[in-house]
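Trainee: Got a structure for you, written out below as C-alpha cells; questions coming shortly.
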Amino acid sequence: MNVLIDIAGTGALVYAAVTVPRNIRKARALKAEEKAKAPVTIDAAAYGLVPAAQLDKEHAGPDPEADAVAAAALAGDWRRAAGYLADAGRDWDLRWYRLGILVKAAVKDDSWVRAWRAEYPGDPSAALVHADALVALAGEVRGAQMAKYTTSEQFEGFHRLLAEALPACREAARMAPEDPCPWIAQITIALGLGWEHDDFRALWAEITARDPHHFGAHVSALQYWCAKWRGSHELMYAFAEQAAATAPPGSLLPVLRLYALYEHAVRERNEPVYAQPFVEPAIDATLDAVHRAPAGHHRLPLVRHLLAKMLFQKKRFAEAVEQFQAIGGYVGGVPWTYSADPVKAFVHARTNTFVSWEKAGRPAPPPRVH
Amino acid sequence: MPPRPAGPAAAGRGAPGASLRAALALGLLLGFYLLALLLLVTVAALDVVLARGTFTVVTLEGYVGSLAVAWCVLRVVVLSRRPSEGREGPPGLSLTPREQPELWEHVRRLAAQVDTRPPAEIRIVPGAVAMVQEDARWLGLVAGERRLFLGVALLLGLPEAELDAVLGHELGHYAHHDTRLGNLVAALRGRLAHTVGTLKERAAREEAEERAEFAARAARRRAEGRPPPLKRGPTRGPDHYLALVFTAYTKLCLRLTEAVSRRQEYAADLVAARIAGPATTADALRRIPALEAADDLYLNQYALMGWDAGLLPPEGQFYGGFAQLLADGTRRAQLTALAREPLPEEAGEDRSPYASHPPTADRIRALESISDEGPAPTLARRPATALIRTPDRLLADLEQATLSTEALSRRRVPWGELPGRTSLETHAREAQALLTAMAQPTSAGATPGVVPPHHLPDPRRPHLRDLHRLLDLLDRGLLHDLAARLPRSEEAARSSGRAAREFARTTLRSALRHLALLAALEAGLYRRELCWAGPPVRQTAPAWFTEDLPKALDRAVAEPAVTTPLRTLLRDDARGPFDGTGPAPRTPA
C-alpha cells in the first residue's frame with residue numbers, strides 16, 4: 001500500500017515541478033502582453049495641443065465666418081448667405097467650398113433657401129444651393145455605410161432624392177453657364193447612380209472646361225475612380241497622377257496622390273501600400289505645395305490632415321509634429337473621418353507621433369528645398 | 001428504421017443470410033452494454049486494489065473518483081433512457097381494404113409474387129417516399145405487423161408499372177426479413193446515438209460552466225485591482241473521455257450495419273426487377289429524385305403560396321394540385337430532362353462508409369447488367385392513380401390526417417383566384433397601418449388647402465374609396481401628420497430635420513403604393529394569374545399603368561402634393577369595363 005502512496009506522492013511532486021515554472025512563465029508573458037496593449041498617453045497641454053475631449057469632430061479647421069453665416073441662414077437670414085457666396089467671385093473652388101457650408105445648413109433646414117428662391121426665382125446661386133442640398137440630403141438619407149449595411153428604405157429615399165437632384169443641377173447649370181459648381185455637384189449623383197465611364201467623362205469635360213484645376217472637383221472625382229465606387233486602383237492612381245502632374249505651381253492638387261494612396265490603404269489593409277516607391281516624393285511634393293500656399297487658404301486644413309497621417313505612417317515624425325501643431329483641435333477631415341471613431345484615430349496618430357519625436361530627441365524638421 | 005426512399009435492383013452481391021445479419025446486430029448491441037460493463041469492472045478492479053492497502057486519504061479519493069466515473073457510465077447507459085422511439089412512422093392516411101380494394105388487391109398480388117406476407121396496413125403519407133416497417137418482437141426473432149408507407153407524390157407521379165417496381169422493392173425488404181432486423185438495428189443505432197449525444201452534451205456543459213466560473217473569477221480579481229488569473233487549458237471531465245470511447249464504438253457499429261443495409265438494397269432491387277422488369281425499375285429509380293424535387297417546388301411555390309395571407313388551395317388540392325403541375329407540358333418536359341440527367345458519380349474515396357443506400361448510379365448499373373428476364377415494359381402507361389378509387393376523397397382525407405388544425409382552419413380559395421387573393425391580403429396587411437392612421441382625427445394645425453372637388457368613386461370599390469380619402473388628406477398637406485403615426489424604422493428614428501421628413505415620405509409612399517395596387521387589383525386593372533408552367537404567378541397590367549404608377553406615387557407624396565395623376569390612373573369611369581385593355585386615361589388639362 002505504501003508503494004501506492006509513494007507513487008501518488010511522487011506523481012504530485014513531478015506534476016508540481018512541471019506546472020509551477022510553466023505557470024510562472026505564462027503569467028509573465030500575460031503581463032507583458034497587457035503592458036504592450038496599454039494605451040500610450042501624453043500630456044497634450046504640455047505640447048500645446050488640444051486634449052482629446054475638446055477636439056472638434058465637425059470641422060477640418062477653424063472658419064468663424066462660415067459658422068456665423070450658417071447660423072444666420074438657419075435663423076432665416078438668407079441675404080448674408082447669398083452675399084457670402086457671391087463674395088467668392090470667380091474663385092470657383094472658394095465658391096464650391098462656401099457652397100458646402102451653405103448646403104450643410106440647408107440639409108438641416110431649407111426654409112431659408114425656399115424664402116430666398118421665392119424672392120428671387122431666377123437667382124442661379126439659390127438654385128445651386130437648392131440642387132446641391134438635394135444631393136447632400138440624399139447622402140444623409142442613405143447613410144455612409146457600405147451597401148450591404150444599407151436598408152432598402154434608405155436606398156429608396158436616396159434614389160428618389162438623386163432623381164430629384166439631377167434636373168435641379170441641370171437647371172442651376174443652365175442659369176449660370178460659366179459656373180462649374182452645378183456640374184461638380186453631379187459627380188456625387190454619378191457615384192450614387194453608377195454612371196458609365198463615358199457619361200462620367202462627358203461630365204468631367206464640362207467641369208474642366210470651366211475650371212481645369214478645381215480642387216474640390218478633383219477630390220470628388222477621385223472618389224468616382226476609386227475601386228469602391230466605379231473605378232479601380234489603377235484608374236484612381238492614373239487620375240491622381242495626371243491631376244497632380246499638370247497642376248500649376250501654387251496648387252494644392254499634389255495632395256491628390258495622397259488621397260489615392262489612402263483609399264488604396266483602406267481597401268487593401270494587409271498590403272504594404274505605404275512602401276510603394278512614389279510615396280516619399282508624393283509627400284514631399286505635397287509639403288512643397290503646402291509651404292507655397294498662402295496662409296489661411298481654405299483648403300490647407302484638409303491637406304494637412306492627410307499629410308500628417310502620411311508623415312506619421314512614414315515615420316517622419318518631426319514633419320508630422322509640424323502638421324499636427326498646425327491642425328490644432330480639429331478632427332473633421334480625411335483620413336480620420338473614415339474611422340468609426342475619428343477622435344480615437346486622430347489621437348492615436350498624434351500621440352504616437354509626439355512620443356516617437358520625443359524619443360528621437362525632438363529633432364527639427366529637415367529644411368525644405370524649393 | 002430510417003425512411004427508405006423507394007428503389008429497386010442488383011446483381012452479384014447476395015445479401016448475407018438473415019440469421020447472420022441478426023447475429024451481427026445482436027452482437028453489436030450486446031457489445032455496447034458489454035463495453036459499459038467493462039468500464040465499470042475496470043473501475044471496480046482499481047478500487048479493490050486500493051482497498052487492499054491501508055486506509056488513507058488517497059484511498060478515499062480513489063473511491064470517490066471511481067464512484068464518479070461509475071456514476072457517469074450508469075447515468076448515460078442505463079438511467080437516462082431514451083424516450084420511447086416513434087415507431088409509429090410518419091403521420092398519414094391509413095387505407096382500409098374496403099375503401100381501396102384495387103390497391104389492396106394489387107399489393108397482395110405482388111406480395112404473393114414475392115412470396116411474402118402482405119402488409120397489414122397501407123398508409124399514404126406526404127412526399128415522394130416509400131418505406132416499410134415491421135413491428136417485430138423479441139429483437140426481431142418473432143414476426144410482427146407489417147406496414148407499408150407510400151408517398152402521395154409517387155402515387156400521383158409514377159406510372160403504374162414503376163409504382164410496381166417501388167412496391168416490389170419494398171416487399172423485397174419483407175421477403176429478406178430486412179424489416180424484422182430493422183428493429184434491432186434501429187434499437188442499436190438509437191441507443192448509441194443517444195449515449196454519445198448525452199455524453200458530449202454533458203461534457204460541453206461542464207466546460208461552459210468552468211469557463212463561466214473562470215470569467216467570474218477574473219472579474220472579481222479585476223474589481224479588486226489584481227491581475228487576472230492565469231489562463232489554463234480547460235480540464236476535461238470523465239464525460240469527455242467516455243464520449244470518445246463510445247464514439248469510436250458507434251463508428252464501428254455504423255460501418256458494419258450500414259454495409260449490410262446497402263447490400264439489402266441491391267437484393268431488394270433484384271426483387272423489384274423480377275416484378276416490374278429491370279428497365280422499368282431503373283426508370284423508377286431515375287424518376288423518383290426528379291419527383292421529389294418537383295414535389296418540393298410544388299409545395300413551396302404553389303400549395304403554400306397563400307400561406308402568409310392565411311389562404312390554402314381548395315379541399316383535396318393541397319397535395320392533389322401536384323397532379324395539375326405534372327399535367328403541364330412544360331413541367332413534364334422539365335421533369336423528363338431532370339430524370340435523364342446523368343446521376344452524380346461518387347468516387348470510391350468520397351463514398352461514405354456510413355450511407356444507408358448505395359449510390360443510385362451504382363444501383364442502376366447493377367440493374368442494367370442483368371438480362372431482361374422480367375415482364376416486358378408495358379406500352380400502355382397507366383398512371384398509378386388508376387389503382388385508387390375516389391382519388392379526390394383520398395386526397396381530402398389525407399389533408400385532414402396530416403395538416404394541423406391551424407392549417408385546416410385557413411380559408412380555401414380556388415386555384416385560379418389564389419394568387420390574386422394572396423396579393424389582396426398581402427397588400428391589405430401592408431396598407432393597414434396607413435388606414436389606421438387615416439382613421440385617427442387629423443391635427444387641428446392642418447391647413448385645409450384648396451381641394452378641388454373630386455369625383456367620388458363607386459361605393460362598390462372600398463379600396464379605391466380608401467385611396468381617394470388618403471389622397472384628399474395629402475391634398476390638404478397632411479403627409480407628415482399621417483407619416484408620424486406610422487411605425488418607423490431604426491434608421492428613420494435616428495434621423496432628424498429634412499432627412500427625417502424624407503424617411504417619412506418613403507414610408508408613406510410605400511403604404512400608398514400598396515393601397516393603389518389594392519385598388520388596381522380590385523378593378524381588375526392589375527391581375528395575378530396562376531401559371532402551372534412557372535413561374536407560379538404571372539402578372540399582367542397595362543404598360544401605361546406599370547410605367548406611370550411610380551411617377552404618380554412620387555407626385556402624390558411630393559410637397560405640395562399633386563394627386564391628380566394617381567386619381568386619373570385609377571379612375572373608375574374612364575375605361576368602361578375594368579379590364580385594363582383600354583387606352584391610357586389622360587390627365588384632364
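Lettering and numbering for the C-alpha cells are positional, with chains as A, B, ... in the shown order, residues counted from 1 in each chain, and ligands counted from 1 in the shown order.
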Which residues of chain B sit at most 7 Å from chain A, using only C-alpha atoms? Give each one's shortest atom pair and distance in Å (one decimal place), in chain and ascending residue order, as JSON lines.

Mentor:
{"residue": "B:Gly53", "atom": "CA", "partner": "A:Met1", "partner_atom": "CA", "distance": 4.1}
{"residue": "B:Thr54", "atom": "CA", "partner": "A:Met1", "partner_atom": "CA", "distance": 6.0}
{"residue": "B:Leu230", "atom": "CA", "partner": "A:Ala27", "partner_atom": "CA", "distance": 6.1}
{"residue": "B:Gly497", "atom": "CA", "partner": "A:Lys108", "partner_atom": "CA", "distance": 5.4}
{"residue": "B:Arg498", "atom": "CA", "partner": "A:Lys108", "partner_atom": "CA", "distance": 6.0}
{"residue": "B:Ala499", "atom": "CA", "partner": "A:Val141", "partner_atom": "CA", "distance": 5.6}
{"residue": "B:Glu502", "atom": "CA", "partner": "A:Gly157", "partner_atom": "CA", "distance": 6.5}
{"residue": "B:Phe503", "atom": "CA", "partner": "A:Gly157", "partner_atom": "CA", "distance": 6.7}
{"residue": "B:Thr506", "atom": "CA", "partner": "A:Gly157", "partner_atom": "CA", "distance": 6.0}

Trainee: Once you have the residues from the selection above, write them out as a compact mmCIF listing (two decimals), in the first residue's frame, restricted to C-alpha atoms.

Mentor:
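Saved to out-v2.txt:
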# COMPACT_ATOMS: atom_id res chain seq x y z
CA GLY B 53 -3.72 -1.35 1.24
CA THR B 54 -4.05 0.64 4.43
CA LEU B 230 -3.75 32.61 -15.33
CA GLY B 497 -34.66 67.53 -39.88
CA ARG B 498 -35.08 67.16 -43.61
CA ALA B 499 -33.71 63.61 -43.62
CA GLU B 502 -37.62 62.13 -46.40
CA PHE B 503 -37.85 58.89 -44.42
CA THR B 506 -40.58 56.91 -48.20

Trainee: Run DSSP on the backbone and grab whatever in region 156-355 of chain A lands in alpha helix (DSSP H); send it over as a ChimeraX atom specification.

Mentor: /A:156-175,181-193,197-210,215-225,233-246,255-267,279-292,300-313,317-327,342-355

Trainee: Fewer than 2 positions away in the same chain doesn't count, so skip those; otherwise give me all residues within 12 Å of Val279 (chain A), counting only C-alpha atoms, as a list in words.

Mentor: Tyr237, Glu241, Pro254, Val255, Leu256, Arg257, Leu258, Tyr259, Ala260, Leu261, Tyr262, Ala265, Pro272, Val273, Tyr274, Ala275, Gln276, Pro277, Pro281, Ala282, Ile283, Asp284, Ala285, Thr286, Leu307, Met310, Leu311, Gln313 and Lys314 of chain A

Trainee: For Ala86 (chain A), list every protein, DNA or RNA residue within 9 Å, evaluated using only C-alpha atoms, and leave out those in the same chain fewer than 5 positions away; present the list as a PyMOL selection string.

Mentor: chain A and resi 81+95+125

Trainee: Between CA of Asp554 (chain B) and CA of Ala511 (chain B), what distance in Å does the model show, to one decimal?

Mentor: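 Calculated distance between CA of Asp554 (chain B) and CA of Ala511 (chain B) is 12.3 Å.
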
Trainee: To one decimal place in Å, what is the distance between CA of Asp328 (chain B) and CA of Leu155 (chain B)?

Mentor: 17.1 Å

Trainee: Would you list the contacts of Tyr224 (chain A) as an MDAnalysis selection string, taking every protein, DNA or RNA residue within 9 Å and counting only C-alpha atoms, but skipping same-chain residues closer than 2 positions in sequence?

Mentor: chainID A and resid 187:188 190:191 194 200 220:222 226:231 236

Trainee: List the spatial neighbours of Trp307 (chain B) as a PyMOL selection string - criterion: any atom at most 9 Å away, only C-alpha atoms, same-chain residues fewer than 5 positions off excluded.

Mentor: chain B and resi 312+407+410+422

Trainee: Between CA of Cys531 (chain B) and CA of Leu311 (chain B), what is the distance, to one decimal in Å?

Mentor: 17.5 Å

Trainee: Excluding Asp56 (chain A) and any residue of its chain fewer than 5 positions from it, enumerate the residues within 7 Å of it, using only C-alpha atoms, and give them as a ChimeraX atom specification.

Mentor: /A:329-332

Trainee: Taking into account only C-alpha atoms, which residue in the set A:Arg350, A:Arg201, A:His297, A:His130 is nearest to Asp43 (chain A)?

Mentor: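 Residue with the minimum atom-to-atom distance to Asp43 (chain A): A:Arg350.
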
Trainee: From the options B:Thr330, B:Gln264, B:Thr360, B:Thr426, which residue's atoms come nearest to Arg287 (chain B), counting only C-alpha atoms?

Mentor: B:Thr360
